[in-house]
Every structure is written in structure tokens, then in C-alpha cells.
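Have a look at structure08.cif; it's mmCIF, C-alpha atoms:
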```
data_coords
loop_
_atom_site.group_PDB
_atom_site.id
_atom_site.type_symbol
_atom_site.label_atom_id
_atom_site.label_comp_id
_atom_site.auth_asym_id
_atom_site.auth_seq_id
_atom_site.Cartn_x
_atom_site.Cartn_y
_atom_site.Cartn_z
ATOM 1 C CA MET A 16 23.105 33.078 -26.720
ATOM 2 C CA PRO A 17 23.920 30.874 -23.680
ATOM 3 C CA ALA A 18 27.124 28.904 -24.001
ATOM 4 C CA PRO A 19 27.681 25.324 -22.922
ATOM 5 C CA THR A 20 28.902 24.954 -19.356
ATOM 6 C CA SER A 21 32.326 23.815 -20.518
ATOM 7 C CA SER A 22 34.165 25.524 -23.352
ATOM 8 C CA ALA A 23 36.210 22.438 -24.203
ATOM 9 C CA PRO A 24 34.923 18.941 -24.965
ATOM 10 C CA ALA A 25 35.409 16.261 -22.380
ATOM 11 C CA ALA A 26 38.225 13.783 -22.895
ATOM 12 C CA GLY A 27 37.109 10.790 -24.909
ATOM 13 C CA PRO A 28 36.131 8.375 -26.001
ATOM 14 C CA LEU A 29 33.024 9.008 -23.924
ATOM 15 C CA SER A 30 31.045 6.171 -22.376
ATOM 16 C CA THR A 31 27.257 6.296 -22.025
ATOM 17 C CA ALA A 32 27.393 8.195 -18.723
ATOM 18 C CA GLY A 33 29.946 10.687 -19.998
ATOM 19 C CA TYR A 34 28.020 11.223 -23.208
ATOM 20 C CA GLN A 35 24.797 11.867 -21.290
ATOM 21 C CA ALA A 36 26.582 14.456 -19.168
ATOM 22 C CA GLU A 37 27.737 16.227 -22.329
ATOM 23 C CA LEU A 38 24.245 16.057 -23.877
ATOM 24 C CA THR A 39 22.762 17.559 -20.723
ATOM 25 C CA ARG A 40 25.228 20.457 -20.808
ATOM 26 C CA ILE A 41 24.760 21.014 -24.526
ATOM 27 C CA ASP A 42 20.980 20.880 -24.114
ATOM 28 C CA GLN A 43 21.108 24.106 -22.144
ATOM 29 C CA VAL A 44 22.087 25.928 -25.338
ATOM 30 C CA LEU A 45 18.557 25.193 -26.593
ATOM 31 C CA ALA A 46 16.747 26.320 -23.460
ATOM 32 C CA GLY A 47 16.596 30.065 -24.122
ATOM 33 C CA PRO A 48 15.855 29.926 -27.882
ATOM 34 C CA GLY A 49 13.274 27.217 -27.261
ATOM 35 C CA ARG A 50 11.428 29.322 -24.695
ATOM 36 C CA ALA A 51 11.594 32.338 -27.022
ATOM 37 C CA LEU A 52 9.553 30.445 -29.620
ATOM 38 C CA THR A 53 6.653 30.175 -27.185
ATOM 39 C CA ARG A 54 6.746 33.842 -26.175
ATOM 40 C CA VAL A 55 6.861 35.729 -29.461
ATOM 41 C CA ARG A 56 3.927 37.990 -30.264
ATOM 42 C CA THR A 57 4.746 39.358 -33.723
ATOM 43 C CA ALA A 58 5.677 37.931 -37.111
ATOM 44 C CA GLU A 59 9.006 39.756 -37.008
ATOM 45 C CA GLY A 60 9.703 38.408 -33.536
ATOM 46 C CA LEU A 61 8.992 34.870 -34.681
ATOM 47 C CA SER A 62 11.372 35.202 -37.617
ATOM 48 C CA GLU A 63 14.084 36.452 -35.267
ATOM 49 C CA ALA A 64 13.425 33.609 -32.810
ATOM 50 C CA VAL A 65 13.695 31.049 -35.622
ATOM 51 C CA SER A 66 17.034 32.490 -36.746
ATOM 52 C CA THR A 67 18.349 32.491 -33.170
ATOM 53 C CA LEU A 68 17.311 28.872 -32.705
ATOM 54 C CA ALA A 69 19.091 27.914 -35.934
ATOM 55 C CA GLU A 70 22.261 29.565 -34.627
ATOM 56 C CA ALA A 71 21.937 27.612 -31.368
ATOM 57 C CA LEU A 72 21.635 24.357 -33.299
ATOM 58 C CA ASN A 73 24.733 25.219 -35.312
ATOM 59 C CA THR A 74 26.596 25.885 -32.056
ATOM 60 C CA ILE A 75 25.494 22.484 -30.799
ATOM 61 C CA ALA A 76 26.611 20.810 -34.016
ATOM 62 C CA ILE A 77 30.103 22.264 -33.581
ATOM 63 C CA ARG A 78 30.209 21.096 -29.981
ATOM 64 C CA LEU A 79 29.114 17.569 -30.909
ATOM 65 C CA SER A 80 31.636 17.301 -33.723
ATOM 66 C CA ALA A 81 34.423 17.834 -31.183
ATOM 67 C CA LEU A 82 33.365 14.822 -29.097
ATOM 68 C CA THR A 83 34.685 11.301 -29.454
ATOM 69 C CA VAL A 84 32.565 8.416 -28.235
ATOM 70 C CA THR A 85 32.863 4.676 -27.740
ATOM 71 C CA SER A 86 32.016 2.393 -30.660
ATOM 72 C CA ARG A 87 28.638 1.594 -29.076
ATOM 73 C CA LEU A 88 27.644 5.274 -29.379
ATOM 74 C CA THR A 89 29.149 6.063 -32.779
ATOM 75 C CA GLY A 90 25.968 5.409 -34.787
ATOM 76 C CA VAL A 91 23.610 7.477 -32.658
ATOM 77 C CA HIS A 92 26.214 10.230 -32.257
ATOM 78 C CA THR A 93 26.536 10.534 -36.038
ATOM 79 C CA LEU A 94 22.763 10.438 -36.494
ATOM 80 C CA LEU A 95 22.228 13.178 -33.919
ATOM 81 C CA GLN A 96 24.710 15.466 -35.691
ATOM 82 C CA GLU A 97 23.009 14.785 -39.017
ATOM 83 C CA ARG A 98 19.496 15.540 -37.720
ATOM 84 C CA ILE A 99 20.631 18.707 -35.958
ATOM 85 C CA GLY A 100 22.153 19.855 -39.241
ATOM 86 C CA VAL A 101 18.877 19.157 -41.065
ATOM 87 C CA ALA A 102 16.891 21.080 -38.446
ATOM 88 C CA ALA A 103 19.257 24.078 -38.506
ATOM 89 C CA THR A 104 19.206 24.243 -42.305
ATOM 90 C CA ARG A 105 15.411 24.067 -42.432
ATOM 91 C CA LEU A 106 15.023 26.817 -39.844
ATOM 92 C CA THR A 107 17.484 29.094 -41.639
ATOM 93 C CA SER A 108 15.901 28.620 -45.053
ATOM 94 C CA SER A 109 12.327 29.003 -43.773
ATOM 95 C CA ALA A 110 12.712 32.136 -41.624
ATOM 96 C CA GLU A 111 11.245 34.450 -44.277
ATOM 97 C CA LYS A 112 8.341 32.124 -45.083
ATOM 98 C CA THR A 113 7.674 31.664 -41.379
ATOM 99 C CA GLU A 114 7.275 35.412 -40.998
ATOM 100 C CA GLU A 115 4.903 35.546 -43.983
ATOM 101 C CA ASP A 116 2.809 32.665 -42.637
ATOM 102 C CA ALA A 117 2.602 34.310 -39.222
ATOM 103 C CA ARG A 118 1.052 37.379 -40.854
ATOM 104 C CA CYS A 119 -1.834 35.346 -42.237
ATOM 105 C CA GLY A 120 -2.091 32.358 -39.903
ATOM 106 C CA GLY A 121 -1.225 34.024 -36.621
ATOM 107 C CA THR A 122 2.051 34.084 -34.703
ATOM 108 C CA ALA A 123 1.100 31.492 -32.074
ATOM 109 C CA TYR A 124 -0.171 28.970 -34.598
ATOM 110 C CA THR A 125 2.845 29.376 -36.883
ATOM 111 C CA SER A 126 5.235 29.114 -33.933
ATOM 112 C CA GLN A 127 3.653 25.808 -32.975
ATOM 113 C CA LYS A 128 4.164 24.539 -36.533
ATOM 114 C CA VAL A 129 7.852 25.435 -36.257
ATOM 115 C CA GLN A 130 8.090 23.598 -32.928
ATOM 116 C CA ARG A 131 6.451 20.474 -34.367
ATOM 117 C CA GLN A 132 8.704 20.515 -37.424
ATOM 118 C CA LEU A 133 11.791 20.828 -35.240
ATOM 119 C CA ARG A 134 10.739 17.831 -33.185
ATOM 120 C CA ALA A 135 10.010 15.893 -36.372
ATOM 121 C CA ASP A 136 13.461 16.719 -37.763
ATOM 122 C CA LEU A 137 15.143 15.476 -34.590
ATOM 123 C CA SER A 138 12.803 12.561 -33.895
ATOM 124 C CA THR A 139 14.791 9.680 -35.417
ATOM 125 C CA ALA A 140 17.864 10.632 -33.405
ATOM 126 C CA LEU A 141 15.875 11.154 -30.211
ATOM 127 C CA VAL A 142 14.256 7.724 -30.563
ATOM 128 C CA GLN A 143 17.649 6.065 -31.008
ATOM 129 C CA LEU A 144 18.995 7.897 -27.963
ATOM 130 C CA GLN A 145 16.035 6.750 -25.873
ATOM 131 C CA ARG A 146 16.666 3.131 -26.848
ATOM 132 C CA ILE A 147 20.029 3.251 -25.111
ATOM 133 C CA LYS A 148 18.661 5.222 -22.151
ATOM 134 C CA LEU A 149 19.974 8.630 -23.250
ATOM 135 C CA THR A 150 18.000 11.881 -23.387
ATOM 136 C CA PHE A 151 18.402 15.096 -25.354
ATOM 137 C CA ALA A 152 16.360 18.193 -26.307
ATOM 138 C CA ARG A 153 14.340 18.056 -23.106
ATOM 139 C CA THR A 154 14.306 21.858 -23.012
ATOM 140 C CA LEU A 155 12.428 22.125 -26.314
ATOM 141 C CA PRO A 156 8.753 23.150 -26.057
ATOM 142 C CA ASP A 157 6.127 20.545 -26.940
ATOM 143 C CA PRO A 158 3.030 22.100 -28.547
ATOM 144 C CA GLY A 159 1.216 18.762 -28.776
ATOM 145 C CA PRO A 160 -0.309 17.235 -31.910
ATOM 146 C CA ALA A 161 -1.331 19.402 -34.854
ATOM 147 C CA PRO A 162 -5.038 20.268 -35.041
ATOM 148 C CA GLU A 163 -7.103 18.309 -37.521
ATOM 149 C CA GLN A 164 -7.462 19.870 -40.942
ATOM 150 C CA ALA A 165 -10.962 20.968 -41.972
ATOM 151 C CA ARG A 166 -10.803 21.468 -45.737
ATOM 152 C CA PRO A 167 -14.257 22.493 -47.053
ATOM 153 C CA ASP A 168 -15.868 20.724 -49.988
ATOM 154 C CA ASN A 169 -15.525 22.264 -53.419
ATOM 155 C CA GLY A 170 -18.261 24.829 -53.959
ATOM 156 C CA GLU A 171 -19.175 24.977 -50.271
ATOM 157 C CA VAL A 172 -20.819 28.286 -49.357
ATOM 158 C CA LEU A 173 -19.082 29.643 -46.270
ATOM 159 C CA VAL A 174 -21.026 32.901 -46.000
ATOM 160 C CA ARG A 175 -24.323 34.042 -47.527
ATOM 161 C CA ARG A 176 -25.990 37.181 -46.332
ATOM 162 C CA ASP A 177 -29.553 38.263 -47.026
ATOM 163 C CA LEU A 178 -28.964 40.328 -50.179
ATOM 164 C CA GLU A 179 -30.100 38.343 -53.232
ATOM 165 C CA GLY A 180 -30.686 39.145 -56.898
ATOM 166 C CA MET A 181 -30.443 37.741 -60.409
ATOM 167 C CA GLY A 182 -26.652 37.715 -60.741
ATOM 168 C CA ARG A 183 -24.838 34.528 -61.648
ATOM 169 C CA LEU A 184 -21.131 33.756 -61.541
ATOM 170 C CA LYS A 185 -19.216 30.668 -62.666
ATOM 171 C CA ILE A 186 -15.709 30.491 -61.233
ATOM 172 C CA THR A 187 -12.957 28.150 -62.369
ATOM 173 C CA ASN A 188 -9.978 27.759 -60.100
ATOM 174 C CA GLY A 189 -7.278 26.873 -62.591
ATOM 175 C CA THR A 190 -4.531 27.244 -59.978
ATOM 176 C CA THR A 191 -2.819 24.601 -57.853
ATOM 177 C CA LYS A 192 -4.044 26.095 -54.568
ATOM 178 C CA ASP A 193 -7.436 26.172 -52.893
ATOM 179 C CA VAL A 194 -9.127 29.577 -52.828
ATOM 180 C CA ALA A 195 -11.911 31.336 -50.970
ATOM 181 C CA ILE A 196 -13.881 33.686 -53.240
ATOM 182 C CA SER A 197 -15.597 36.699 -51.694
ATOM 183 C CA ILE A 198 -18.418 38.340 -53.646
ATOM 184 C CA VAL A 199 -18.531 41.801 -52.123
ATOM 185 C CA SER A 200 -21.205 44.406 -52.812
ATOM 186 C CA ASP A 201 -19.646 47.419 -54.499
ATOM 187 C CA GLY A 202 -18.383 49.881 -51.888
ATOM 188 C CA LYS A 203 -18.219 47.324 -49.076
ATOM 189 C CA PRO A 204 -14.975 46.029 -47.471
ATOM 190 C CA PRO A 205 -13.828 42.503 -48.411
ATOM 191 C CA GLY A 206 -14.351 41.292 -44.874
ATOM 192 C CA THR A 207 -18.138 41.603 -45.263
ATOM 193 C CA PRO A 208 -19.028 39.613 -48.396
ATOM 194 C CA GLN A 209 -22.565 38.826 -49.404
ATOM 195 C CA VAL A 210 -21.258 35.397 -50.476
ATOM 196 C CA MET A 211 -18.007 33.547 -49.702
ATOM 197 C CA LEU A 212 -17.381 30.356 -51.625
ATOM 198 C CA TYR A 213 -14.645 27.722 -51.274
ATOM 199 C CA LEU A 214 -13.027 26.327 -54.418
ATOM 200 C CA ARG A 215 -10.538 23.513 -54.352
ATOM 201 C CA ALA A 216 -7.554 23.572 -56.688
ATOM 202 C CA THR A 217 -8.407 22.993 -60.390
ATOM 203 C CA GLN A 218 -12.157 22.853 -59.637
ATOM 204 C CA SER A 219 -15.154 24.989 -60.680
ATOM 205 C CA ALA A 220 -18.376 26.139 -59.063
ATOM 206 C CA THR A 221 -21.329 28.421 -59.820
ATOM 207 C CA VAL A 222 -22.971 30.987 -57.554
ATOM 208 C CA ASN A 223 -26.541 32.153 -58.206
ATOM 209 C CA ARG A 224 -28.779 34.826 -56.714
ATOM 210 C CA ILE A 225 -26.097 37.521 -56.444
ATOM 211 C CA GLY A 226 -27.562 40.896 -55.564
ATOM 212 C CA GLY A 227 -26.465 44.175 -57.152
ATOM 213 C CA ALA A 228 -23.113 45.252 -58.544
ATOM 214 C CA TYR A 229 -20.170 43.625 -56.815
ATOM 215 C CA ARG A 230 -16.424 43.141 -56.682
ATOM 216 C CA LEU A 231 -14.531 39.867 -56.478
ATOM 217 C CA TYR A 232 -11.820 39.206 -53.920
ATOM 218 C CA PHE A 233 -10.046 35.912 -53.495
ATOM 219 C CA LYS A 234 -7.516 34.534 -51.069
ATOM 220 C CA SER A 235 -5.488 31.396 -51.601
ATOM 221 C CA GLY A 236 -3.192 29.224 -49.546
ATOM 222 C CA THR A 237 -3.023 26.028 -47.537
ATOM 223 C CA ASP A 238 -4.076 24.892 -44.069
ATOM 224 C CA TRP A 239 -7.625 26.279 -43.873
ATOM 225 C CA ASP A 240 -8.836 27.751 -40.583
ATOM 226 C CA ALA A 241 -12.582 27.105 -40.525
ATOM 227 C CA ASP A 242 -13.218 29.213 -37.405
ATOM 228 C CA HIS A 243 -11.717 32.381 -38.896
ATOM 229 C CA ARG A 244 -12.316 31.542 -42.588
ATOM 230 C CA LYS A 245 -8.720 32.050 -43.634
ATOM 231 C CA PHE A 246 -5.655 30.145 -44.790
ATOM 232 C CA ARG A 247 -2.818 29.843 -42.304
ATOM 233 C CA SER A 248 0.059 29.155 -44.723
ATOM 234 C CA ASP A 249 1.212 30.256 -48.192
ATOM 235 C CA CYS A 250 -1.354 33.066 -48.221
ATOM 236 C CA SER A 251 -2.073 35.566 -50.952
ATOM 237 C CA PHE A 252 -4.889 38.102 -51.282
ATOM 238 C CA LYS A 253 -6.125 39.611 -54.552
ATOM 239 C CA LYS A 254 -9.076 41.364 -56.114
ATOM 240 C CA PHE A 255 -10.327 41.754 -59.660
ATOM 241 C CA ASP A 256 -9.935 45.344 -60.769
ATOM 242 C CA GLN A 257 -13.284 45.543 -62.547
ATOM 243 C CA THR A 258 -16.730 45.831 -61.028
ATOM 244 C CA PHE A 259 -19.222 43.156 -62.031
ATOM 245 C CA GLY A 260 -22.624 44.399 -63.086
ATOM 246 C CA LYS A 261 -25.846 43.439 -61.363
ATOM 247 C CA ASN A 262 -28.244 40.853 -62.759
ATOM 248 C CA GLN A 263 -25.660 39.534 -65.210
ATOM 249 C CA ALA A 264 -23.979 36.191 -65.769
ATOM 250 C CA TRP A 265 -20.187 36.087 -65.646
ATOM 251 C CA GLN A 266 -17.494 33.455 -66.042
ATOM 252 C CA ILE A 267 -14.139 33.889 -64.333
ATOM 253 C CA ASP A 268 -10.957 31.805 -64.464
ATOM 254 C CA LEU A 269 -8.505 32.465 -61.644
ATOM 255 C CA GLN A 270 -5.615 31.143 -63.701
ATOM 256 C CA PRO A 271 -3.997 34.043 -65.631
ATOM 257 C CA ARG A 272 -4.084 33.424 -69.388
ATOM 258 C CA PRO A 273 -2.505 35.208 -72.358
ATOM 259 C CA GLY A 274 -5.026 37.667 -73.718
ATOM 260 C CA GLY A 275 -7.163 37.560 -70.593
ATOM 261 C CA ASN A 276 -9.203 40.685 -69.879
ATOM 262 C CA ALA A 277 -9.688 40.472 -66.114
ATOM 263 C CA ALA A 278 -6.759 42.150 -64.359
ATOM 264 C CA THR A 279 -6.124 41.534 -60.666
ATOM 265 C CA THR A 280 -4.321 43.447 -57.921
ATOM 266 C CA GLU A 281 -2.709 42.342 -54.675
ATOM 267 C CA VAL A 282 -4.581 43.606 -51.584
ATOM 268 C CA GLU A 283 -4.058 43.649 -47.834
ATOM 269 C CA ALA A 284 -4.982 40.572 -45.819
ATOM 270 C CA TYR A 285 -8.660 40.369 -44.892
#
```

Can the structure from this file be put into C-alpha cells for me?
Amino acid sequence: MPAPTSSAPAAGPLSTAGYQAELTRIDQVLAGPGRALTRVRTAEGLSEAVSTLAEALNTIAIRLSALTVTSRLTGVHTLLQERIGVAATRLTSSAEKTEEDARCGGTAYTSQKVQRQLRADLSTALVQLQRIKLTFARTLPDPGPAPEQARPDNGEVLVRRDLEGMGRLKITNGTTKDVAISIVSDGKPPGTPQVMLYLRATQSATVNRIGGAYRLYFKSGTDWDADHRKFRSDCSFKKFDQTFGKNQAWQIDLQPRPGGNAATTEVEAY
């Protein structure tokens, strides 16, 4: 990790010009870890980059705590230390989840979420610094605004292929997360469903005209990616163990219940 230019804090109390000089030197500690966030290509690499960035923020916090400033700067100096502490703690505690999200939502997309959250955590301090003509965190990457969310309507059919029959399925999503249900012809992979249906949390929907015997897969999460038909955060992937017979009517509740007779198994992402 790069170290600040000077190993000892400048003599204080620091005026505005002296404080800016220190902030500029300290800012270089963020340069390498910040760039690393934009260059990672794997979920493991992103987790490592997040941990390294948290360590850099902790180094900065130590450096800042050793500075003394004039009374005019005391408020913003204290606020900056507080917000850096918040950002470092969030990064440290979220490293594992960040890696999991990168596996389902993509490394680049998840990295950009981390970058936006970091800027949000620091924003109140950065705004106060700007008001007195001071700058900090200029080396941090700026991924721009988050893309608009495109949450489908409950019961919206996302995929329907030609195969049709007399099967009927009512699905109740008794969970607190949205799900995408894939009705997959028996023997086919989950990525090629004959029907994919979106169910919002705690809602129900019915699918008709299902052809042949089939299996049920469902993925849940948050932050729906309409282009790739997947969730980008908090993902899980499961299937019902049983095969559902053709030309029959079934009712399924995704919320596990005591005495329920429809076992499920975790599956690989699809």
C-alpha cells in the first residue's frame, strides 16, 4: 500500500492552506486502491480490492487523527474522520457479500456499486470541504449515476417458448424477495425455460398452457437486470426436487412450511 509522502504530521494547528497540503498528500493513499476497483475482473479480486481499500481508509484515519487544525477547520476535520471511519467499516463488513453479489450480478457492475456507496459515505464531508474551498478524494473513481431500476410487474411473463399444453400452475411467493420462476421441460437445462415468470414478494400468479412434464427452478434477489433476466444482488438459485406431471394443475408456495411436501435444492447460478 502506498504511504503518505511524509511519515510525520505537519506541525499544527494547520491553517486552510496547510490542511489542504496534508489532504493532498493523504489522498495519494487512495489512488492505488481506487484504481484497483476499476480493474478487477473476478469476484475474488473484487473482494480483495475492497479489503485493500478499507485498509487504506484506516491508514488515512490514523493520519488525520494525528493532525491539529485551527478552530475554523475543527468541525469539518472531525466530520471527515467520522465519514472515513463509516466507509472503512462498511467496506470491511461487506467484503464477503460483495464477492457473492459479483458472482451473480457481474464484477464490473458490483464494483461500480461499491464505488457509489463509498462516495455516498464520504459525501457529507466532501461537501463541507468544498464549501471552504478544500478538496479531498479526487483520486477516487466516479462511475456516474446508478442505472434506473426496471422491476417487472407481478406475474409478468419474461419468456414463453412455443411448447404449449394443458398444464396449469399457481405459484405463491410467500417470501420477502422477488423471484423469477423458470418452468423447464424435463431434461432441459434451467437456462432454456419454456416459461419464465416474475413474481414480486408476497404475491401470487398463475401460468396456463404448460406443455409436458417439467421441473421448477427459481432465483431470488434484488436489483433486477432486465437485459440478462437475472438479479444482481442477494442472489439465490433453487429447484424443486420433484418433477411436475404434464396436463395437471399444481399449486406451489415458495415459502417453506412445516409439513410441506415439496423439497428444494440449491443449484448453480443460471

Given the PyMOL selection byres ((chain A and resi 48-60) around 6) and the file above, list the residues it selects as a PDB file with C-alpha atoms, in the coordinates of the input.
```pdb
ATOM      1  CA  LEU A  45      18.557  25.193 -26.593  1.00  0.00           C
ATOM      2  CA  ALA A  46      16.747  26.320 -23.460  1.00  0.00           C
ATOM      3  CA  GLY A  47      16.596  30.065 -24.122  1.00  0.00           C
ATOM      4  CA  LEU A  61       8.992  34.870 -34.681  1.00  0.00           C
ATOM      5  CA  SER A  62      11.372  35.202 -37.617  1.00  0.00           C
ATOM      6  CA  GLU A  63      14.084  36.452 -35.267  1.00  0.00           C
ATOM      7  CA  ALA A  64      13.425  33.609 -32.810  1.00  0.00           C
ATOM      8  CA  LEU A  68      17.311  28.872 -32.705  1.00  0.00           C
ATOM      9  CA  GLU A 114       7.275  35.412 -40.998  1.00  0.00           C
ATOM     10  CA  ALA A 117       2.602  34.310 -39.222  1.00  0.00           C
ATOM     11  CA  ARG A 118       1.052  37.379 -40.854  1.00  0.00           C
ATOM     12  CA  THR A 122       2.051  34.084 -34.703  1.00  0.00           C
ATOM     13  CA  LEU A 155      12.428  22.125 -26.314  1.00  0.00           C
TER      14      LEU A 155
END
```

(message) Given the PyMOL selection byres ((chain A and resi 190) around 6) and the file above, list the residues it selects as a list of chain:residue names.
(response) A:Asn188, A:Gly189, A:Thr191, A:Lys192, A:Ala216, A:Thr217, A:Gln270

(request) For the file shown, report as number ranges by chain the outcome of the PyMOL selection byres ((chain A and resi 31) around 10) at residue level. (result) A: 28-30, 32-37, 84-85, 87-88, 147-149

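Between Ala264 of chain A and the residues A:Tyr285, A:Thr279, A:Thr207, A:Arg183, the shortest atom-to-atom distance, using all atoms listed in the file, involves A:Arg183.
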
(request) Work out how far atom CA of Thr125 of chain A is from atom CA of Gln143 of chain A, in Å to one decimal. (result)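 A separation of 28.2 Å between them.
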
(request) Might you pull out every residue within 10 Å of Thr139 of chain A, with all atoms listed in the file counted and same-chain residues fewer than 3 positions away left off, and present them as a list in words? (result)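 Listed by chain and then number, they are Val91, Leu94, Leu95, Arg98, Arg134, Ala135, Asp136, Val142, Gln143 and Leu144 of chain A.
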
Would you give the centre and edge lengths, in Å to one decimal, of a box along x, y and z around the listed atoms of segment 187-203 of chain A, with 8 Å added to each side, as JSON?
```
{"center_x": -12.0, "center_y": 37.2, "center_z": -55.8, "size_x": 34.4, "size_y": 41.3, "size_z": 29.5}
```

(request) Record the distance separating atom CA of Thr74 of chain A and atom CA of Val44 of chain A, expressed in Å with one decimal. (result) 8.1 Å

(request) Kindly indicate which residue among A:Ile41, A:Ala284, A:Ala81, A:Val101 lies nearest to Arg153 of chain A, using all atoms listed in the file for the distances. (result)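 Ranked by minimum distance to Arg153 of chain A, first place goes to A:Ile41.
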
(request) For Val199 of chain A, please output as a PyMOL selection string all residues within 8 Å (counting all atoms listed in the file; exclusion window: fewer than 2 positions along the same chain). (result) chain A and resi 197+201+203-205+207-210+229-232

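Minimum atom-to-atom distance to Ala140 of chain A, evaluated using all atoms listed in the file, belongs to A:Ala102 out of A:Val172, A:Ala102, A:Ile196, A:Ala123.
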
(message) Considering all atoms listed in the file, can you say which of A:Leu178, A:Ala69, A:Val129, A:Cys119 comes closest to Gly100 of chain A?
(response)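 Ranking A:Leu178, A:Ala69, A:Val129, A:Cys119 by distance to Gly100 of chain A, first place goes to A:Ala69.
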
(request) Could you tell me which of A:Lys234, A:Lys254, A:Lys185, A:Arg244 comes closest to Thr221 of chain A if we count only C-alpha atoms? (result) A:Lys185

(message) Given all atoms listed in the file as the basis, pick out the residue of A:Leu184, A:Leu106, A:Leu38, A:Leu173 nearest to Thr67 of chain A.
(response)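 Answer, going by the shortest atom-to-atom distance: A:Leu106.
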
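From atom CA of Ser66 of chain A back to atom CA of Ser80 of chain A, the distance works out to 21.3 Å.
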